[in-house]
>>> print(open('start-v4.pdb').read())   # PDB, C-alpha atoms, pLDDT in the B column
ATOM      1  CA  MET A   1      11.155  60.991 -16.504  1.00 63.00           C
ATOM      2  CA  LYS A   2       9.506  59.869 -19.716  1.00 75.00           C
ATOM      3  CA  TYR A   3      10.453  56.244 -18.978  1.00 79.00           C
ATOM      4  CA  ILE A   4       8.959  56.400 -15.505  1.00 82.00           C
ATOM      5  CA  GLY A   5       5.649  57.529 -17.031  1.00 80.00           C
ATOM      6  CA  TRP A   6       5.668  54.625 -19.477  1.00 79.00           C
ATOM      7  CA  ILE A   7       6.544  52.146 -16.714  1.00 83.00           C
ATOM      8  CA  PHE A   8       3.771  53.557 -14.519  1.00 80.00           C
ATOM      9  CA  LEU A   9       1.266  53.294 -17.398  1.00 77.00           C
ATOM     10  CA  PHE A  10       2.400  49.722 -18.130  1.00 77.00           C
ATOM     11  CA  VAL A  11       1.988  48.675 -14.474  1.00 77.00           C
ATOM     12  CA  VAL A  12      -1.482  50.272 -14.291  1.00 75.00           C
ATOM     13  CA  LEU A  13      -2.580  48.498 -17.479  1.00 70.00           C
ATOM     14  CA  LEU A  14      -1.106  45.257 -16.215  1.00 70.00           C
ATOM     15  CA  PHE A  15      -3.119  45.432 -13.001  1.00 70.00           C
ATOM     16  CA  LEU A  16      -6.278  46.473 -14.857  1.00 66.00           C
ATOM     17  CA  GLY A  17      -5.857  43.591 -17.265  1.00 65.00           C
ATOM     18  CA  CYS A  18      -5.757  41.090 -14.438  1.00 63.00           C
ATOM     19  CA  SER A  19      -9.201  40.333 -13.215  1.00 60.00           C
ATOM     20  CA  LYS A  20     -10.128  38.617 -10.023  1.00 65.00           C
ATOM     21  CA  GLU A  21     -11.458  35.214 -10.888  1.00 68.00           C
ATOM     22  CA  GLU A  22     -13.715  33.603  -8.388  1.00 72.00           C
ATOM     23  CA  PRO A  23     -12.648  29.983  -7.971  1.00 77.00           C
ATOM     24  CA  ALA A  24     -15.421  27.659  -9.044  1.00 83.00           C
ATOM     25  CA  PRO A  25     -16.108  24.752  -6.714  1.00 86.00           C
ATOM     26  CA  LEU A  26     -14.721  21.442  -7.845  1.00 85.00           C
ATOM     27  CA  PRO A  27     -17.198  18.882  -9.122  1.00 87.00           C
ATOM     28  CA  PRO A  28     -18.001  16.109  -6.639  1.00 88.00           C
ATOM     29  CA  LEU A  29     -15.816  13.020  -6.908  1.00 82.00           C
ATOM     30  CA  LYS A  30     -17.270   9.632  -7.692  1.00 82.00           C
ATOM     31  CA  LYS A  31     -17.472   7.226  -4.781  1.00 76.00           C
ATOM     32  CA  ILE A  32     -15.024   4.363  -4.912  1.00 66.00           C
ATOM     33  CA  ASP A  33     -16.549   0.944  -4.459  1.00 66.00           C
ATOM     34  CA  VAL A  34     -14.436  -0.924  -1.928  1.00 62.00           C
ATOM     35  CA  PRO A  35     -14.852  -4.694  -2.194  1.00 65.00           C
ATOM     36  CA  GLU A  36     -16.550  -6.201   0.838  1.00 73.00           C
ATOM     37  CA  GLY A  37     -14.549  -9.429   1.185  1.00 81.00           C
ATOM     38  CA  VAL A  38     -10.952  -9.855   2.260  1.00 87.00           C
ATOM     39  CA  VAL A  39      -9.834 -11.997  -0.676  1.00 90.00           C
ATOM     40  CA  GLY A  40      -7.186 -10.207  -2.688  1.00 89.00           C
ATOM     41  CA  LEU A  41      -3.639  -8.925  -2.817  1.00 92.00           C
ATOM     42  CA  TYR A  42      -2.044  -7.038   0.091  1.00 93.00           C
ATOM     43  CA  SER A  43       1.361  -5.460   0.568  1.00 94.00           C
ATOM     44  CA  GLY A  44       3.097  -4.001   3.577  1.00 93.00           C
ATOM     45  CA  ARG A  45       6.011  -3.850   5.922  1.00 91.00           C
ATOM     46  CA  LEU A  46       6.180  -6.015   9.028  1.00 91.00           C
ATOM     47  CA  PRO A  47       8.635  -5.830  11.937  1.00 89.00           C
ATOM     48  CA  CYS A  48      11.752  -7.962  11.950  1.00 85.00           C
ATOM     49  CA  GLU A  49      14.752  -8.597  14.168  1.00 83.00           C
ATOM     50  CA  ASN A  50      18.319  -8.226  12.927  1.00 83.00           C
ATOM     51  CA  CYS A  51      17.243  -6.797   9.582  1.00 85.00           C
ATOM     52  CA  ARG A  52      16.519  -3.427   8.018  1.00 85.00           C
ATOM     53  CA  ALA A  53      13.064  -4.288   6.644  1.00 86.00           C
ATOM     54  CA  ASN A  54      10.594  -7.113   6.108  1.00 89.00           C
ATOM     55  CA  ILE A  55       8.541  -6.227   3.044  1.00 91.00           C
ATOM     56  CA  VAL A  56       5.706  -8.645   2.353  1.00 94.00           C
ATOM     57  CA  LYS A  57       3.202  -9.357  -0.395  1.00 94.00           C
ATOM     58  CA  VAL A  58       0.246 -11.456   0.734  1.00 94.00           C
ATOM     59  CA  GLN A  59      -2.372 -13.050  -1.457  1.00 93.00           C
ATOM     60  CA  LEU A  60      -5.515 -14.206   0.330  1.00 93.00           C
ATOM     61  CA  LYS A  61      -7.440 -16.694  -1.783  1.00 93.00           C
ATOM     62  CA  GLU A  62     -11.096 -17.710  -1.782  1.00 92.00           C
ATOM     63  CA  ASP A  63     -10.329 -21.184  -0.387  1.00 94.00           C
ATOM     64  CA  SER A  64      -8.743 -19.553   2.733  1.00 92.00           C
ATOM     65  CA  SER A  65      -5.226 -20.317   1.538  1.00 94.00           C
ATOM     66  CA  VAL A  66      -2.425 -17.756   1.740  1.00 94.00           C
ATOM     67  CA  VAL A  67       0.644 -17.120  -0.401  1.00 94.00           C
ATOM     68  CA  PHE A  68       2.989 -15.007   1.730  1.00 94.00           C
ATOM     69  CA  VAL A  69       6.079 -13.650  -0.084  1.00 94.00           C
ATOM     70  CA  GLN A  70       8.519 -11.828   2.165  1.00 92.00           C
ATOM     71  CA  ASN A  71      11.629  -9.916   1.187  1.00 91.00           C
ATOM     72  CA  ILE A  72      13.936  -9.541   4.172  1.00 90.00           C
ATOM     73  CA  VAL A  73      16.443  -6.734   3.658  1.00 89.00           C
ATOM     74  CA  ARG A  74      19.581  -7.284   5.732  1.00 84.00           C
ATOM     75  CA  GLY A  75      21.912  -4.698   4.177  1.00 78.00           C
ATOM     76  CA  SER A  76      22.154  -2.084   1.468  1.00 76.00           C
ATOM     77  CA  THR A  77      23.255  -4.312  -1.436  1.00 75.00           C
ATOM     78  CA  PRO A  78      20.973  -6.401  -3.650  1.00 70.00           C
ATOM     79  CA  ASP A  79      22.783  -9.525  -2.401  1.00 74.00           C
ATOM     80  CA  SER A  80      21.525  -8.822   1.109  1.00 80.00           C
ATOM     81  CA  ILE A  81      17.830  -9.350   0.258  1.00 87.00           C
ATOM     82  CA  ASP A  82      16.413 -12.773   1.102  1.00 88.00           C
ATOM     83  CA  THR A  83      13.142 -13.737  -0.578  1.00 90.00           C
ATOM     84  CA  ASP A  84      11.027 -16.456   0.950  1.00 90.00           C
ATOM     85  CA  THR A  85       7.598 -17.754  -0.046  1.00 92.00           C
ATOM     86  CA  LEU A  86       5.466 -19.225   2.713  1.00 93.00           C
ATOM     87  CA  LEU A  87       2.180 -21.044   2.208  1.00 94.00           C
ATOM     88  CA  GLY A  88      -0.588 -21.369   4.726  1.00 94.00           C
ATOM     89  CA  ARG A  89      -4.177 -20.630   5.668  1.00 95.00           C
ATOM     90  CA  PHE A  90      -6.091 -17.714   7.092  1.00 93.00           C
ATOM     91  CA  SER A  91      -9.242 -17.506   9.176  1.00 92.00           C
ATOM     92  CA  LEU A  92     -11.404 -14.479   9.787  1.00 90.00           C
ATOM     93  CA  THR A  93     -13.418 -13.985  12.982  1.00 90.00           C
ATOM     94  CA  GLY A  94     -15.217 -10.653  13.078  1.00 88.00           C
ATOM     95  CA  ASP A  95     -12.576  -8.031  12.431  1.00 89.00           C
ATOM     96  CA  LYS A  96      -9.646 -10.281  13.448  1.00 92.00           C
ATOM     97  CA  MET A  97      -7.639 -12.382  10.992  1.00 93.00           C
ATOM     98  CA  LEU A  98      -5.292 -15.201  11.969  1.00 93.00           C
ATOM     99  CA  VAL A  99      -2.667 -16.246   9.413  1.00 93.00           C
ATOM    100  CA  ASP A 100      -0.945 -19.617   9.930  1.00 93.00           C
ATOM    101  CA  LEU A 101       2.083 -20.205   7.709  1.00 92.00           C
ATOM    102  CA  SER A 102       4.474 -23.132   7.270  1.00 87.00           C
ATOM    103  CA  GLU A 103       2.167 -25.595   9.031  1.00 84.00           C
ATOM    104  CA  GLY A 104       1.754 -23.398  12.116  1.00 80.00           C
ATOM    105  CA  LYS A 105       5.435 -22.491  12.548  1.00 87.00           C
ATOM    106  CA  VAL A 106       4.767 -18.825  11.712  1.00 89.00           C
ATOM    107  CA  ARG A 107       1.626 -17.137  12.968  1.00 92.00           C
ATOM    108  CA  TYR A 108       0.370 -13.553  12.571  1.00 93.00           C
ATOM    109  CA  ASN A 109      -2.700 -11.900  14.076  1.00 94.00           C
ATOM    110  CA  PHE A 110      -4.222  -8.929  12.286  1.00 94.00           C
ATOM    111  CA  GLN A 111      -7.106  -6.565  12.912  1.00 93.00           C
ATOM    112  CA  ARG A 112      -9.171  -5.268  10.006  1.00 91.00           C
ATOM    113  CA  GLU A 113      -9.098  -1.500   9.720  1.00 88.00           C
ATOM    114  CA  PRO A 114     -12.133   0.522   8.560  1.00 84.00           C
ATOM    115  CA  TYR A 115     -10.588   1.304   5.157  1.00 80.00           C
ATOM    116  CA  GLY A 116      -9.784  -2.325   4.261  1.00 82.00           C
ATOM    117  CA  SER A 117      -6.217  -2.828   5.425  1.00 89.00           C
ATOM    118  CA  PHE A 118      -5.048  -5.177   8.202  1.00 93.00           C
ATOM    119  CA  ALA A 119      -2.988  -3.925  11.166  1.00 93.00           C
ATOM    120  CA  LEU A 120      -0.605  -6.346  12.907  1.00 93.00           C
ATOM    121  CA  LEU A 121      -1.536  -7.158  16.516  1.00 92.00           C
ATOM    122  CA  THR A 122       0.893  -7.722  19.371  1.00 90.00           C
ATOM    123  CA  GLY A 123       0.674 -10.696  21.723  1.00 87.00           C
ATOM    124  CA  ALA A 124      -1.386  -8.505  24.065  1.00 89.00           C
ATOM    125  CA  GLY A 125      -3.935  -7.858  21.302  1.00 88.00           C
ATOM    126  CA  THR A 126      -3.049  -4.215  20.686  1.00 89.00           C
ATOM    127  CA  VAL A 127      -2.068  -2.758  17.326  1.00 90.00           C
ATOM    128  CA  TYR A 128       1.699  -2.980  16.814  1.00 91.00           C
ATOM    129  CA  ARG A 129       3.458   0.387  16.478  1.00 88.00           C
ATOM    130  CA  ASP A 130       7.150   0.865  15.776  1.00 84.00           C
ATOM    131  CA  GLN A 131       9.526   3.394  17.356  1.00 82.00           C
ATOM    132  CA  ASP A 132       8.181   6.089  14.966  1.00 84.00           C
ATOM    133  CA  ASP A 133       4.586   5.309  16.070  1.00 86.00           C
ATOM    134  CA  MET A 134       3.766   3.809  12.646  1.00 87.00           C
ATOM    135  CA  LYS A 135       1.486   0.786  12.357  1.00 89.00           C
ATOM    136  CA  ALA A 136       2.739  -2.396  10.756  1.00 91.00           C
ATOM    137  CA  GLU A 137      -0.056  -3.135   8.351  1.00 92.00           C
ATOM    138  CA  LEU A 138      -1.013  -4.848   5.137  1.00 93.00           C
ATOM    139  CA  VAL A 139      -2.558  -2.438   2.645  1.00 92.00           C
ATOM    140  CA  ARG A 140      -4.944  -3.840   0.077  1.00 89.00           C
ATOM    141  CA  ILE A 141      -3.886  -3.559  -3.554  1.00 87.00           C
ATOM    142  CA  TYR A 142      -7.087  -3.272  -5.566  1.00 78.00           C
ATOM    143  CA  VAL A 143      -5.481  -3.517  -9.010  1.00 73.00           C
ATOM    144  CA  ASN A 144      -2.689  -6.038  -9.544  1.00 60.00           C
ATOM    145  CA  PRO A 145      -0.526  -4.502 -12.283  1.00 62.00           C
ATOM    146  CA  LEU A 146       1.110  -7.855 -13.049  1.00 63.00           C
ATOM    147  CA  ARG A 147      -2.136  -9.762 -13.544  1.00 57.00           C
ATOM    148  CA  THR A 148      -3.643 -10.144 -16.991  1.00 52.00           C
ATOM    149  CA  PRO A 149      -7.175 -11.336 -17.794  1.00 53.00           C
ATOM    150  CA  ALA A 150      -5.712 -14.698 -18.872  1.00 48.00           C
ATOM    151  CA  ASP A 151      -4.078 -15.091 -15.437  1.00 52.00           C
ATOM    152  CA  THR A 152      -7.399 -14.556 -13.705  1.00 50.00           C
ATOM    153  CA  ALA A 153      -8.960 -17.419 -15.649  1.00 46.00           C
ATOM    154  CA  THR A 154      -6.062 -19.834 -15.059  1.00 45.00           C
ATOM    155  CA  GLY A 155      -4.914 -18.716 -11.591  1.00 50.00           C
ATOM    156  CA  ASP A 156      -1.311 -18.229 -12.787  1.00 50.00           C
ATOM    157  CA  SER A 157      -0.831 -14.728 -11.354  1.00 46.00           C
ATOM    158  CA  VAL A 158       1.187 -15.931  -8.349  1.00 47.00           C
ATOM    159  CA  LYS A 159       3.637 -17.783 -10.604  1.00 46.00           C
ATOM    160  CA  LYS A 160       4.126 -14.742 -12.839  1.00 44.00           C
ATOM    161  CA  ASP A 161       4.369 -12.352  -9.888  1.00 45.00           C
ATOM    162  CA  SER A 162       6.998 -14.587  -8.296  1.00 42.00           C
ATOM    163  CA  ALA A 163       8.969 -14.835 -11.519  1.00 43.00           C
ATOM    164  CA  VAL A 164       9.029 -11.057 -11.830  1.00 42.00           C
ATOM    165  CA  ALA A 165      10.233 -10.783  -8.220  1.00 42.00           C
ATOM    166  CA  GLY A 166      13.230 -12.955  -9.121  1.00 42.00           C
ATOM    167  CA  GLU A 167      12.062 -16.267  -7.675  1.00 42.00           C
ATOM    168  CA  LYS A 168      12.527 -19.557  -9.437  1.00 37.00           C
TER     169      LYS A 168
END
>>> encode(input="start-v4.pdb", output="structure tokens")
Amino acid sequence: MKYIGWIFLFVVLLFLGCSKEEPAPLPPLKKIDVPEGVVGLYSGRLPCENCRANIVKVQLKEDSSVVFVQNIVRGSTPDSIDTDTLLGRFSLTGDKMLVDLSEGKVRYNFQREPYGSFALLTGAGTVYRDQDDMKAELVRIYVNPLRTPADTATGDSVKKDSAVAGEK
């Protein structure tokens, strides 16, 4: 009986010691400045036939040129990944972007989304959605982790990025 009294006293003191704290509102977050132009680095996943995934990294340059690196995953082993670098040009008309690669042999149409990414368009001009109702889109990468300040001055970031990706 004595132990029950001590346990009861301990529980009462425990509850009295705990006070109700009112949660303070969080401070407002700083606004993020989203660059206005489309020049920059993008990454995403595009549809493909007879493969598991088509993962792309796209660099849009100020002179309207495009470096389009695609990794096509055919199986589950590292040997089943084909990397291909395509060069081309892009043009922007309103919120639509046309990307011509390999001298017009490969062509993609994209629509600019409100938050800065580009959604792939079908031949009918609608946004492409896969069987899981997910958009195929290029998401803008605002900070290139592989780029150094020296690369920015010389324009060598694509070479270094490609070397890291295993290209020669």
>>> residues_around(input="start-v4.pdb", residues="region 98-113 of chain A", least_positions_apart="4", cutoff="7 Å", atoms="all atoms listed in the file", output="list in words")
Leu86, Leu87, Gly88, Arg89, Phe90, Ser91, Leu92, Ser117, Phe118, Ala119, Leu120 and Leu121 of chain A
>>> resolve_selection(input="start-v4.pdb", expression="the PyMOL selection byres ((chain A and resi 58-72) around 7)", output="PyMOL selection string")
chain A and resi 39-43+51+53-57+73-74+81-91
>>> closest_residue(input="start-v4.pdb", among="A:Asp79, A:Leu26, A:Pro47, A:Asp95", to="Thr122 (chain A)", atoms="all atoms listed in the file")
A:Pro47
>>> closest_residue(input="start-v4.pdb", among="A:Val38, A:Leu46, A:Leu9, A:Val143", to="Tyr128 (chain A)", atoms="all atoms listed in the file")
A:Leu46
>>> atom_distance(input="start-v4.pdb", atom1="CA of Asn50 (chain A)", atom2="CA of Val127 (chain A)")
21.6 Å
>>> closest_residue(input="start-v4.pdb", among="A:Ile4, A:Ala24, A:Leu13, A:Gly116", to="Leu138 (chain A)", atoms="only C-alpha atoms")
A:Gly116
>>> atom_distance(input="start-v4.pdb", atom1="CA of Gly75 (chain A)", atom2="CA of Glu49 (chain A)")
12.9 Å
>>> atom_distance(input="start-v4.pdb", atom1="CA of Glu137 (chain A)", atom2="CA of Gly44 (chain A)")
5.8 Å
>>> axis_aligned_box(input="start-v4.pdb", around="region 54-69 of chain A", padding_each_side="6 Å", output="AutoDock Vina command-line options")
--center_x -0.3 --center_y -13.7 --center_z 2.2 --size_x 33.7 --size_y 27.0 --size_z 19.9
>>> decode(input="start-v4.pdb", residues="region 28-70 of chain A", atoms="N, CA and C atoms", output="compact mmCIF listing (two decimals), in the first residue's frame")
# COMPACT_ATOMS: atom_id res chain seq x y z
N PRO A 28 8.09 33.93 -40.46
CA PRO A 28 7.83 33.83 -41.91
C PRO A 28 9.12 33.47 -42.66
N LEU A 29 8.95 32.64 -43.69
CA LEU A 29 10.08 32.22 -44.51
C LEU A 29 10.42 33.29 -45.53
N LYS A 30 11.69 33.37 -45.87
CA LYS A 30 12.12 34.29 -46.91
C LYS A 30 11.61 33.82 -48.26
N LYS A 31 11.25 34.76 -49.11
CA LYS A 31 10.84 34.40 -50.47
C LYS A 31 12.05 33.96 -51.26
N ILE A 32 11.84 32.97 -52.10
CA ILE A 32 12.91 32.48 -52.96
C ILE A 32 12.80 33.20 -54.29
N ASP A 33 13.89 33.76 -54.73
CA ASP A 33 13.91 34.43 -56.03
C ASP A 33 14.12 33.39 -57.12
N VAL A 34 13.11 33.19 -57.94
CA VAL A 34 13.19 32.25 -59.05
C VAL A 34 13.65 33.03 -60.28
N PRO A 35 14.73 32.58 -60.92
CA PRO A 35 15.20 33.29 -62.10
C PRO A 35 14.13 33.35 -63.18
N GLU A 36 14.08 34.47 -63.87
CA GLU A 36 13.05 34.69 -64.88
C GLU A 36 13.29 33.90 -66.16
N GLY A 37 14.52 33.84 -66.63
CA GLY A 37 14.81 33.19 -67.91
C GLY A 37 14.75 31.68 -67.82
N VAL A 38 14.93 31.04 -68.96
CA VAL A 38 14.90 29.58 -69.01
C VAL A 38 16.30 28.97 -69.09
N VAL A 39 17.31 29.79 -69.25
CA VAL A 39 18.68 29.29 -69.36
C VAL A 39 19.07 28.64 -68.04
N GLY A 40 19.62 27.44 -68.13
CA GLY A 40 20.05 26.75 -66.92
C GLY A 40 20.07 25.26 -67.09
N LEU A 41 20.18 24.57 -65.98
CA LEU A 41 20.29 23.12 -65.94
C LEU A 41 18.95 22.52 -65.51
N TYR A 42 18.51 21.48 -66.22
CA TYR A 42 17.25 20.80 -65.93
C TYR A 42 17.53 19.31 -65.86
N SER A 43 16.69 18.61 -65.11
CA SER A 43 16.81 17.16 -65.01
C SER A 43 15.41 16.58 -64.94
N GLY A 44 15.25 15.37 -65.47
CA GLY A 44 13.93 14.76 -65.42
C GLY A 44 13.93 13.37 -66.00
N ARG A 45 12.73 12.86 -66.13
CA ARG A 45 12.53 11.52 -66.66
C ARG A 45 11.52 11.62 -67.79
N LEU A 46 11.91 11.14 -68.97
CA LEU A 46 11.05 11.19 -70.14
C LEU A 46 10.62 9.78 -70.51
N PRO A 47 9.52 9.65 -71.23
CA PRO A 47 9.05 8.30 -71.62
C PRO A 47 10.00 7.65 -72.63
N CYS A 48 9.98 6.34 -72.63
CA CYS A 48 10.79 5.60 -73.60
C CYS A 48 10.11 4.27 -73.90
N GLU A 49 10.43 3.72 -75.06
CA GLU A 49 9.90 2.42 -75.45
C GLU A 49 11.00 1.37 -75.27
N ASN A 50 10.61 0.20 -74.84
CA ASN A 50 11.53 -0.92 -74.66
C ASN A 50 12.67 -0.61 -73.70
N CYS A 51 12.38 0.18 -72.67
CA CYS A 51 13.38 0.44 -71.65
C CYS A 51 12.67 0.70 -70.33
N ARG A 52 13.44 0.66 -69.25
CA ARG A 52 12.85 0.87 -67.93
C ARG A 52 12.74 2.36 -67.61
N ALA A 53 13.70 3.17 -68.07
CA ALA A 53 13.68 4.60 -67.77
C ALA A 53 14.55 5.36 -68.75
N ASN A 54 14.21 6.61 -68.97
CA ASN A 54 15.00 7.53 -69.77
C ASN A 54 15.22 8.77 -68.90
N ILE A 55 16.36 8.80 -68.23
CA ILE A 55 16.68 9.89 -67.31
C ILE A 55 17.57 10.87 -68.06
N VAL A 56 17.14 12.14 -68.08
CA VAL A 56 17.85 13.14 -68.87
C VAL A 56 18.35 14.28 -68.01
N LYS A 57 19.43 14.89 -68.47
CA LYS A 57 19.97 16.13 -67.92
C LYS A 57 20.12 17.07 -69.10
N VAL A 58 19.48 18.22 -69.02
CA VAL A 58 19.43 19.15 -70.15
C VAL A 58 20.01 20.48 -69.70
N GLN A 59 20.94 20.98 -70.50
CA GLN A 59 21.49 22.31 -70.23
C GLN A 59 21.08 23.23 -71.37
N LEU A 60 20.29 24.24 -71.02
CA LEU A 60 19.88 25.26 -71.99
C LEU A 60 20.84 26.43 -71.84
N LYS A 61 21.47 26.81 -72.95
CA LYS A 61 22.48 27.87 -72.91
C LYS A 61 21.93 29.17 -73.47
N GLU A 62 22.63 30.25 -73.18
CA GLU A 62 22.19 31.59 -73.59
C GLU A 62 22.12 31.76 -75.10
N ASP A 63 22.93 31.03 -75.85
CA ASP A 63 22.93 31.16 -77.31
C ASP A 63 21.89 30.24 -77.97
N SER A 64 20.92 29.75 -77.19
CA SER A 64 19.84 28.86 -77.63
C SER A 64 20.32 27.46 -78.01
N SER A 65 21.52 27.10 -77.60
CA SER A 65 21.99 25.74 -77.84
C SER A 65 21.61 24.86 -76.65
N VAL A 66 21.58 23.55 -76.90
CA VAL A 66 21.15 22.58 -75.90
C VAL A 66 22.18 21.46 -75.84
N VAL A 67 22.53 21.05 -74.63
CA VAL A 67 23.30 19.83 -74.40
C VAL A 67 22.34 18.90 -73.66
N PHE A 68 22.01 17.79 -74.29
CA PHE A 68 20.96 16.87 -73.83
C PHE A 68 21.62 15.53 -73.54
N VAL A 69 21.84 15.20 -72.27
CA VAL A 69 22.48 13.94 -71.88
C VAL A 69 21.38 13.02 -71.38
N GLN A 70 21.24 11.87 -72.04
CA GLN A 70 20.22 10.92 -71.62
C GLN A 70 20.85 9.60 -71.23
